Amino acid sequence: MNGALTVRTVIDGTEYTQGDIRQWELNRARNALTLLKSRIGDELMRELLSEDLRVADEIMAPLPDASDGAWQSAVTEMEINGITAEEFLTWWQGRLASADRTALLAANPEHYLADSADGVVEIIETIGSGPLRFFLTFHDGVAIEDEGHETYPVRIGGTGRLTDGTEICRVMHEFGDGPRGLRIRLTIQFPASAPEHVFTGHKWHFACEFLNWLEAAHTAR
């Protein structure tokens, strides 16, 4: 018989769709990944990914010079009902300040390491097609000034550097309450000569991690 595959599944007398099963799979995959990350730990994670990180450094380190000082933005915007900017920021900044490894890693399957200490967050996450290690410092004066920033009362910027000190990214997370709920605009800049998939991929990366953080913050209220 030709045509689309259809599956009828019944468990304890209740019929479930293929979408139901895929959602169960996603939930279990998240739990399995969380378990593996917790067992591996930070030191072994660095060791396991060392070759990937070496290759990533070779690819990314020349980009600032190749871009001749030009930067390009990747932007993700979100509107959220059910939680205020103050409520979310209290939870989120608390996770960063307390170096809550579980919360930071759980936000995205491609968060491999997030070690926050002394105002610097060591991060290993997918940038482009593979994992990259960089060190993110939040500070004032980050040079991201796209239109519309005046509508966000809270702006949190930072700079990410490779192990050798090369500035490889700039971030600006913006928050405010609006008539339709919490508004978030997430911006990251990479050197303009970076491949397009670096920018596209991080827009989705932002959407995933902040959705998970929003849901966790909402649950914790």
# chains A, B, ... in the order shown; residues from 1 in each chain; ligands from 1

$ select_by_dssp --residues "range 5-211 of chain A" --states "strand (DSSP E)" --output "PyMOL selection string"
chain A and resi 9-11+14-16+71-80+111-117+120-127+130-138+154-161+167-178+181-191

$ select_by_dssp --residues "range 8-214 of chain A" --states "helix (DSSP H, G or I)" --output "PyMOL selection string"
chain A and resi 18-48+50-60+63-66+85-97+101-106+149-151+196-214

$ residues_around --residues "range 158-160 of chain A" --least-positions-apart "6" --cutoff "6 Å" --atoms "only C-alpha atoms" --output "ChimeraX atom specification"
/A:134-139,167-171

$ write_last_selection --atoms "N, CA, C and O atoms" --output "short mmCIF file (atom, residue, chain, number, x, y, z; two decimals), in the first residue's frame"
data_model
loop_
_atom_site.label_atom_id
_atom_site.label_comp_id
_atom_site.auth_asym_id
_atom_site.auth_seq_id
_atom_site.Cartn_x
_atom_site.Cartn_y
_atom_site.Cartn_z
N PHE A 134 33.78 30.08 24.44
CA PHE A 134 34.08 31.49 24.59
C PHE A 134 33.74 31.94 26.00
O PHE A 134 33.08 31.21 26.75
N PHE A 135 34.23 33.11 26.35
CA PHE A 135 34.07 33.64 27.70
C PHE A 135 33.29 34.94 27.61
O PHE A 135 33.75 35.91 27.00
N LEU A 136 32.09 34.94 28.21
CA LEU A 136 31.17 36.06 28.10
C LEU A 136 31.22 36.91 29.36
O LEU A 136 31.02 36.40 30.47
N THR A 137 31.49 38.20 29.17
CA THR A 137 31.49 39.15 30.27
C THR A 137 30.39 40.18 30.03
O THR A 137 30.35 40.80 28.96
N PHE A 138 29.49 40.35 30.98
CA PHE A 138 28.45 41.36 30.87
C PHE A 138 29.00 42.69 31.38
O PHE A 138 29.64 42.75 32.44
N HIS A 139 28.77 43.75 30.61
CA HIS A 139 29.30 45.06 31.00
C HIS A 139 28.56 46.16 30.24
O HIS A 139 27.87 45.91 29.25
N GLU A 167 37.99 38.97 20.39
CA GLU A 167 36.57 39.30 20.54
C GLU A 167 35.80 38.65 19.39
O GLU A 167 36.02 38.98 18.22
N ILE A 168 34.89 37.75 19.72
CA ILE A 168 34.21 36.97 18.68
C ILE A 168 32.72 37.24 18.62
O ILE A 168 32.06 36.96 17.62
N CYS A 169 32.15 37.82 19.68
CA CYS A 169 30.72 38.14 19.63
C CYS A 169 30.39 39.24 20.62
O CYS A 169 31.12 39.49 21.59
N ARG A 170 29.29 39.93 20.34
CA ARG A 170 28.73 40.94 21.23
C ARG A 170 27.25 40.62 21.40
O ARG A 170 26.58 40.26 20.43
N VAL A 171 26.75 40.75 22.61
CA VAL A 171 25.34 40.44 22.85
C VAL A 171 24.64 41.62 23.51
O VAL A 171 25.26 42.41 24.21
#

$ closest_residue --among "A:Leu211, A:Leu182, A:Ile144, A:Ala216" --to "Ala85 in chain A" --atoms "only C-alpha atoms"
A:Leu182

$ closest_atom_pairs --of "range 60-135 of chain A" --to "range 28-41 of chain A" --cutoff "9 Å" --atoms "only C-alpha atoms" --output "Markdown table"
| residue | atom | partner | partner_atom | distance |
| --- | --- | --- | --- | --- |
| A:Thr102 | CA | A:Ser38 | CA | 8.0 |
| A:Leu105 | CA | A:Thr34 | CA | 7.9 |
| A:Ala106 | CA | A:Thr34 | CA | 6.6 |
| A:Pro109 | CA | A:Leu33 | CA | 7.3 |
| A:Tyr112 | CA | A:Lys37 | CA | 7.3 |
| A:Leu113 | CA | A:Gly41 | CA | 8.4 |

$ write_last_selection --atoms "all heavy atoms" --output "mmCIF file, in the first residue's frame"
data_model
loop_
_atom_site.group_PDB
_atom_site.id
_atom_site.type_symbol
_atom_site.label_atom_id
_atom_site.label_comp_id
_atom_site.auth_asym_id
_atom_site.auth_seq_id
_atom_site.Cartn_x
_atom_site.Cartn_y
_atom_site.Cartn_z
ATOM 1 N N THR A 102 22.551 23.526 36.295
ATOM 2 C CA THR A 102 21.427 22.756 35.765
ATOM 3 C C THR A 102 20.524 23.625 34.912
ATOM 4 O O THR A 102 20.152 23.259 33.791
ATOM 5 C CB THR A 102 20.628 22.118 36.915
ATOM 6 O OG1 THR A 102 21.481 21.216 37.636
ATOM 7 C CG2 THR A 102 19.431 21.342 36.370
ATOM 8 N N LEU A 105 22.383 24.790 31.576
ATOM 9 C CA LEU A 105 22.565 23.738 30.573
ATOM 10 C C LEU A 105 21.240 23.248 30.007
ATOM 11 O O LEU A 105 21.154 22.882 28.833
ATOM 12 C CB LEU A 105 23.335 22.560 31.175
ATOM 13 C CG LEU A 105 24.794 22.809 31.544
ATOM 14 C CD1 LEU A 105 25.435 21.529 32.071
ATOM 15 C CD2 LEU A 105 25.589 23.328 30.354
ATOM 16 N N ALA A 106 20.191 23.230 30.821
ATOM 17 C CA ALA A 106 18.916 22.677 30.382
ATOM 18 C C ALA A 106 18.212 23.544 29.346
ATOM 19 O O ALA A 106 17.299 23.076 28.663
ATOM 20 C CB ALA A 106 17.996 22.483 31.590
ATOM 21 N N PRO A 109 19.632 22.100 24.095
ATOM 22 C CA PRO A 109 20.386 20.844 23.982
ATOM 23 C C PRO A 109 21.824 21.054 23.546
ATOM 24 O O PRO A 109 22.676 20.192 23.790
ATOM 25 C CB PRO A 109 19.590 20.043 22.937
ATOM 26 C CG PRO A 109 18.771 21.048 22.212
ATOM 27 C CD PRO A 109 18.469 22.123 23.201
ATOM 28 N N TYR A 112 26.685 22.874 26.158
ATOM 29 C CA TYR A 112 27.531 21.800 26.671
ATOM 30 C C TYR A 112 28.190 22.157 27.998
ATOM 31 O O TYR A 112 28.467 21.280 28.814
ATOM 32 C CB TYR A 112 28.617 21.451 25.646
ATOM 33 C CG TYR A 112 28.056 20.996 24.327
ATOM 34 C CD1 TYR A 112 28.033 21.856 23.227
ATOM 35 C CD2 TYR A 112 27.532 19.716 24.172
ATOM 36 C CE1 TYR A 112 27.502 21.444 22.004
ATOM 37 C CE2 TYR A 112 27.004 19.295 22.962
ATOM 38 C CZ TYR A 112 26.991 20.172 21.876
ATOM 39 O OH TYR A 112 26.462 19.768 20.676
ATOM 40 N N LEU A 113 28.450 23.440 28.188
ATOM 41 C CA LEU A 113 29.093 23.872 29.429
ATOM 42 C C LEU A 113 28.722 25.320 29.687
ATOM 43 O O LEU A 113 28.688 26.135 28.758
ATOM 44 C CB LEU A 113 30.624 23.721 29.321
ATOM 45 C CG LEU A 113 31.451 24.051 30.561
ATOM 46 C CD1 LEU A 113 32.655 23.110 30.654
ATOM 47 C CD2 LEU A 113 31.942 25.500 30.540
#

$ decode --residues "range 2-95 of chain A" --atoms "C-alpha atoms" --output "short mmCIF file (atom, residue, chain, number, x, y, z; two decimals), in the first residue's frame"
data_model
loop_
_atom_site.label_atom_id
_atom_site.label_comp_id
_atom_site.auth_asym_id
_atom_site.auth_seq_id
_atom_site.Cartn_x
_atom_site.Cartn_y
_atom_site.Cartn_z
CA ASN A 2 1.40 3.39 -1.01
CA GLY A 3 0.81 6.80 0.58
CA ALA A 4 1.63 8.59 3.81
CA LEU A 5 2.55 6.54 6.83
CA THR A 6 -0.15 6.58 9.50
CA VAL A 7 0.13 4.91 12.87
CA ARG A 8 -2.65 4.17 15.36
CA THR A 9 -1.37 3.66 18.89
CA VAL A 10 -3.49 2.60 21.88
CA ILE A 11 -2.12 2.46 25.43
CA ASP A 12 -4.40 1.38 28.28
CA GLY A 13 -7.44 2.00 26.12
CA THR A 14 -6.48 5.54 25.11
CA GLU A 15 -5.57 6.35 21.52
CA TYR A 16 -2.55 8.58 20.91
CA THR A 17 -1.40 10.39 17.79
CA GLN A 18 2.04 10.31 16.25
CA GLY A 19 2.49 13.82 17.60
CA ASP A 20 1.78 12.57 21.12
CA ILE A 21 4.49 9.96 20.80
CA ARG A 22 6.96 12.44 19.37
CA GLN A 23 6.28 14.75 22.32
CA TRP A 24 6.90 11.86 24.73
CA GLU A 25 10.15 11.17 22.86
CA LEU A 26 11.20 14.83 23.12
CA ASN A 27 10.53 14.89 26.86
CA ARG A 28 12.50 11.69 27.42
CA ALA A 29 15.34 12.91 25.20
CA ARG A 30 15.60 16.05 27.31
CA ASN A 31 15.75 13.97 30.48
CA ALA A 32 18.37 11.65 28.98
CA LEU A 33 20.49 14.59 27.84
CA THR A 34 20.26 16.24 31.24
CA LEU A 35 21.39 13.00 32.89
CA LEU A 36 24.34 12.61 30.52
CA LYS A 37 25.49 16.22 30.99
CA SER A 38 25.31 15.87 34.77
CA ARG A 39 27.34 12.65 34.71
CA ILE A 40 29.96 13.96 32.28
CA GLY A 41 30.70 17.14 34.23
CA ASP A 42 32.62 20.20 33.08
CA GLU A 43 36.18 18.89 33.04
CA LEU A 44 35.36 15.78 31.04
CA MET A 45 33.13 17.83 28.70
CA ARG A 46 36.08 20.09 27.90
CA GLU A 47 38.20 17.01 27.23
CA LEU A 48 35.59 15.26 25.08
CA LEU A 49 35.11 18.34 22.89
CA SER A 50 38.74 19.46 22.80
CA GLU A 51 39.28 18.62 19.12
CA ASP A 52 35.99 20.28 18.10
CA LEU A 53 36.99 23.38 20.06
CA ARG A 54 40.43 23.48 18.46
CA VAL A 55 38.89 23.39 14.99
CA ALA A 56 36.32 26.02 15.93
CA ASP A 57 39.07 28.35 17.17
CA GLU A 58 40.93 27.97 13.88
CA ILE A 59 37.78 28.91 11.96
CA MET A 60 36.53 31.73 14.16
CA ALA A 61 39.71 33.50 15.29
CA PRO A 62 40.53 35.03 11.85
CA LEU A 63 37.00 36.39 11.31
CA PRO A 64 37.41 39.81 13.01
CA ASP A 65 40.41 40.72 10.83
CA ALA A 66 38.69 39.32 7.73
CA SER A 67 35.66 41.50 8.52
CA ASP A 68 37.73 44.70 8.73
CA GLY A 69 35.94 45.78 11.91
CA ALA A 70 32.39 45.21 10.57
CA TRP A 71 29.83 43.33 12.67
CA GLN A 72 26.49 41.80 11.67
CA SER A 73 23.51 41.24 13.96
CA ALA A 74 21.23 38.26 14.48
CA VAL A 75 18.02 39.29 16.27
CA THR A 76 15.20 37.31 17.89
CA GLU A 77 12.14 39.07 19.35
CA MET A 78 9.58 37.56 21.72
CA GLU A 79 6.33 38.66 23.38
CA ILE A 80 5.18 36.74 26.43
CA ASN A 81 2.00 36.74 28.49
CA GLY A 82 1.91 35.43 32.05
CA ILE A 83 5.14 36.83 33.46
CA THR A 84 6.53 40.34 33.89
CA ALA A 85 9.98 41.62 33.06
CA GLU A 86 10.79 41.98 36.76
CA GLU A 87 9.67 38.44 37.54
CA PHE A 88 11.68 36.94 34.71
CA LEU A 89 14.82 39.00 35.33
CA THR A 90 14.78 38.18 39.03
CA TRP A 91 14.78 34.48 38.21
CA TRP A 92 17.18 34.59 35.23
CA GLN A 93 19.80 36.85 36.76
CA GLY A 94 19.59 34.78 39.92
CA ARG A 95 20.49 31.66 37.92
#
